[in-house]
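*Asks:* Here it is: the structure, laid out below.
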Amino acid sequence: MASLRPLLFLLFFLLFFLQGLELSAQDHSEIAGFKTGEFPQEKLAIPGLWKVDKVTVGDEFLTPTAKWFLFESNGAQTGGNGGVQNSLGTWTFNATSKEFLTYDQNGKADEYGAFQLSFEEEKMIWKRTEDGMNVKVTLSPVDEKPLAPWDKITGSWTFYKFESIDEAENVSDSTIVPFTYYFGWDRVYRKFDSTGKRIARGIWHIEPHSPWLWMIPYNDSSKTGQSLKFEGNLLILTQKRGKVTEKSYFRKE
């Protein structure tokens, strides 16, 4: 029996040594999670495509139009509005402090610092303070990037109906002269008469936080602004002229 003691001692030593190696190879946050029973499940749920549902800054709603983020499992991230990508970089998540932080493509961290990240069912919630105001961002997982008005408006639209609405909600139709707008992806619009002749040309722009269309003709410095709305294959442009609301209806060609 005495001859077996050195062998047993050696086996116990090797077992202890191998366990130490396994622990030292783990990330500190993983070891802490193992000890407390808290695994970083949030980190596993973050990767994917997310649409911004709502942004509140203090008491104001400042939700951007068709805003999305794509977070890759390797730490890469991109973001944009509709079909326009306007951010590129990386993301990190601290499983212990629940802090979510993004960096731009040059490695510079978000100037306002990390968000506190949490989940409410399938929703992802970001919270932090910016310039002394509480900011809350609510996001939902999506399969496709959301379309923005500037994505939907590209193409040809033919004017077919005009309505004038007074303060008493009385609606009157007017005889129209048909014409067509072509909104190009290059932000140039072209206006054609009923014979197909081009009669105007200029720049179009849609506000990033509201459905508002600006049209700036090339031939002078004047510009017009009006709200826009899509209903199926219809485009409705609305503007106020004094106490009268004017609505122009267009069909997608």
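Identifiers in this document derive from the order of the structure tokens: chains are assigned A, B, ..., residues are numbered from 1 separately in each chain, and ligands are numbered from 1 in order of occurrence.
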Name the residues of stretch 60-188 of chain A that come out as alpha helix (DSSP H) in a backbone DSSP run; write them as number ranges by chain.

*Replies:* A: 149-152

*Asks:* What's the 8 Å shell around stretch 161-164 of chain A, counting only C-alpha atoms, without same-chain residues fewer than 4 positions away, as a ChimeraX atom specification?

*Replies:* /A:171-176,244-250

*Asks:* Let me make sure I understand: among A:Val188, A:Ala66, A:Ala95, A:Leu88, which one has the smallest atom-to-atom distance to A:Trp204 if we use only C-alpha atoms?

*Replies:*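 That would be A:Val188, the residue with the smallest distance to A:Trp204.
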
*Asks:* Tell me which protein, DNA and RNA residues are within 10 Å of A:Asp104, counting only C-alpha atoms, leaving out same-chain ones fewer than 6 positions away, and put them as a ChimeraX atom specification.

*Replies:* /A:76-78,87-91,110

*Asks:* Those same residues - N, CA and C atoms - I'd like them written as a CSV table (one decimal), in the first residue's frame.

*Replies:*
```
chain,number,residue,atom,x,y,z
A,76,ALA,N,-18.1,43.2,-35.7
A,76,ALA,CA,-18.3,44.2,-36.7
A,76,ALA,C,-19.7,44.7,-36.6
A,77,GLN,N,-19.9,46.0,-37.0
A,77,GLN,CA,-21.2,46.6,-37.0
A,77,GLN,C,-21.3,47.6,-38.2
A,78,THR,N,-22.5,47.6,-38.8
A,78,THR,CA,-22.9,48.7,-39.8
A,78,THR,C,-24.2,49.2,-39.4
A,87,SER,N,-22.9,54.2,-41.4
A,87,SER,CA,-22.0,54.0,-40.2
A,87,SER,C,-21.3,52.6,-40.4
A,88,LEU,N,-20.1,52.5,-39.9
A,88,LEU,CA,-19.3,51.3,-40.0
A,88,LEU,C,-18.3,51.3,-38.8
A,89,GLY,N,-18.2,50.1,-38.2
A,89,GLY,CA,-17.3,50.0,-37.1
A,89,GLY,C,-17.4,48.7,-36.4
A,90,THR,N,-17.3,48.8,-35.0
A,90,THR,CA,-17.3,47.6,-34.2
A,90,THR,C,-18.2,47.8,-33.0
A,91,TRP,N,-18.5,46.7,-32.3
A,91,TRP,CA,-19.2,46.8,-31.0
A,91,TRP,C,-18.6,45.9,-30.0
A,110,ASP,N,-17.9,55.8,-29.3
A,110,ASP,CA,-19.0,56.7,-29.3
A,110,ASP,C,-18.8,57.8,-28.3
```

*Asks:* As an exercise, work out the distance from atom CA of A:Ser97 to atom CA of A:Ser118 in Å and give it to one decimal place.

*Replies:* 11.0 Å

*Asks:* Using only C-alpha atoms, which residue out of A:Phe119, A:Tyr160, A:Thr92, A:Thr195 lies closest to A:Gly107?

*Replies:*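 Checking each of A:Phe119, A:Tyr160, A:Thr92, A:Thr195 against A:Gly107, counting only C-alpha atoms, the winner is A:Thr92.
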
*Asks:* Could you tell me how far atom CA of A:Gly132 lies from atom CA of A:Leu62, in Å and to one decimal?

*Replies:* 16.1 Å

*Asks:* For A:Gly184, please output as number ranges by chain all residues within 9 Å (counting only C-alpha atoms; exclusion window: fewer than 5 positions along the same chain).

*Replies:* A: 153-156, 189-190, 204

*Asks:* Out of A:Leu234, A:Ile46, A:Ala200, A:Ala148, which residue has the shortest atom-to-atom distance to A:Pro64 when counting only C-alpha atoms?

*Replies:* A:Ala148

*Asks:* Might you pull out every residue within 9 Å of stretch 209-220 of chain A, with only C-alpha atoms counted and same-chain residues fewer than 6 positions away left off, and present them as a count of residues only?

*Replies:* 15

*Asks:* Return as a PyMOL selection string the full set of residues in stretch 1-232 of chain A whose backbone-based DSSP assignment is strand (DSSP E or B).

*Replies:* chain A and resi 48-57+60-61+67-71+76-81+84-94+99-104+109+115-120+123-130+133-141+155-165+171-173+179-183+188-193+198-206+212-217+224-231

*Asks:* So which residues touch A:Asn233 within 10 Å, counting only C-alpha atoms, skipping near sequence neighbours fewer than 6 positions away, as a PyMOL selection string?

*Replies:* chain A and resi 152+157+250-253

*Asks:* Would you save the residues from that selection as a compact mmCIF listing (two decimals), in the first residue's frame, using all heavy atoms?

*Replies:*
```
# COMPACT_ATOMS: atom_id res chain seq x y z
N LYS A 152 -38.57 54.50 -51.49
CA LYS A 152 -39.86 54.27 -52.14
C LYS A 152 -40.14 55.25 -53.27
O LYS A 152 -40.86 54.93 -54.22
CB LYS A 152 -40.99 54.35 -51.10
CG LYS A 152 -40.91 53.32 -50.00
CD LYS A 152 -42.04 53.52 -49.00
CE LYS A 152 -41.97 52.53 -47.86
NZ LYS A 152 -43.07 52.73 -46.87
N TRP A 157 -43.64 58.78 -61.43
CA TRP A 157 -44.95 59.00 -60.82
C TRP A 157 -45.76 59.98 -61.68
O TRP A 157 -45.29 61.06 -62.01
CB TRP A 157 -44.80 59.58 -59.41
CG TRP A 157 -44.05 58.70 -58.46
CD1 TRP A 157 -42.70 58.63 -58.30
CD2 TRP A 157 -44.62 57.76 -57.56
NE1 TRP A 157 -42.38 57.71 -57.34
CE2 TRP A 157 -43.54 57.16 -56.86
CE3 TRP A 157 -45.92 57.36 -57.25
CZ2 TRP A 157 -43.73 56.18 -55.89
CZ3 TRP A 157 -46.11 56.39 -56.29
CH2 TRP A 157 -45.03 55.81 -55.61
N PHE A 250 -50.38 60.92 -57.08
CA PHE A 250 -49.59 60.38 -58.17
C PHE A 250 -49.66 58.85 -58.16
O PHE A 250 -49.72 58.24 -57.09
CB PHE A 250 -48.11 60.80 -58.02
CG PHE A 250 -47.88 62.26 -58.12
CD1 PHE A 250 -48.11 63.11 -57.03
CD2 PHE A 250 -47.40 62.84 -59.29
CE1 PHE A 250 -47.89 64.46 -57.11
CE2 PHE A 250 -47.16 64.21 -59.39
CZ PHE A 250 -47.42 65.02 -58.29
N ARG A 251 -49.67 58.26 -59.35
CA ARG A 251 -49.62 56.81 -59.49
C ARG A 251 -48.21 56.39 -59.90
O ARG A 251 -47.57 57.03 -60.71
CB ARG A 251 -50.60 56.32 -60.55
CG ARG A 251 -52.06 56.42 -60.19
CD ARG A 251 -52.90 55.62 -61.19
NE ARG A 251 -54.34 55.78 -60.94
CZ ARG A 251 -55.11 56.64 -61.60
NH1 ARG A 251 -54.58 57.42 -62.53
NH2 ARG A 251 -56.38 56.72 -61.32
N LYS A 252 -47.75 55.25 -59.35
CA LYS A 252 -46.44 54.71 -59.72
C LYS A 252 -46.53 54.09 -61.11
O LYS A 252 -47.44 53.32 -61.40
CB LYS A 252 -45.98 53.67 -58.70
CG LYS A 252 -44.55 53.16 -58.91
CD LYS A 252 -43.56 54.24 -58.53
CE LYS A 252 -42.11 53.78 -58.67
NZ LYS A 252 -41.72 52.89 -57.56
N GLU A 253 -45.60 54.43 -61.96
CA GLU A 253 -45.58 53.89 -63.33
C GLU A 253 -44.70 52.66 -63.37
O GLU A 253 -43.70 52.57 -62.68
CB GLU A 253 -45.07 54.97 -64.30
CG GLU A 253 -45.98 56.16 -64.40
CD GLU A 253 -47.35 55.80 -64.96
OE1 GLU A 253 -47.42 54.92 -65.85
OE2 GLU A 253 -48.34 56.43 -64.56
```

*Asks:* What does the structure give for the distance between atom CA of A:Lys108 and atom CA of A:Gly82, in Å to one decimal?

*Replies:*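 Taking atom CA of A:Lys108 as the start and atom CA of A:Gly82 as the end point, the length is 24.6 Å.
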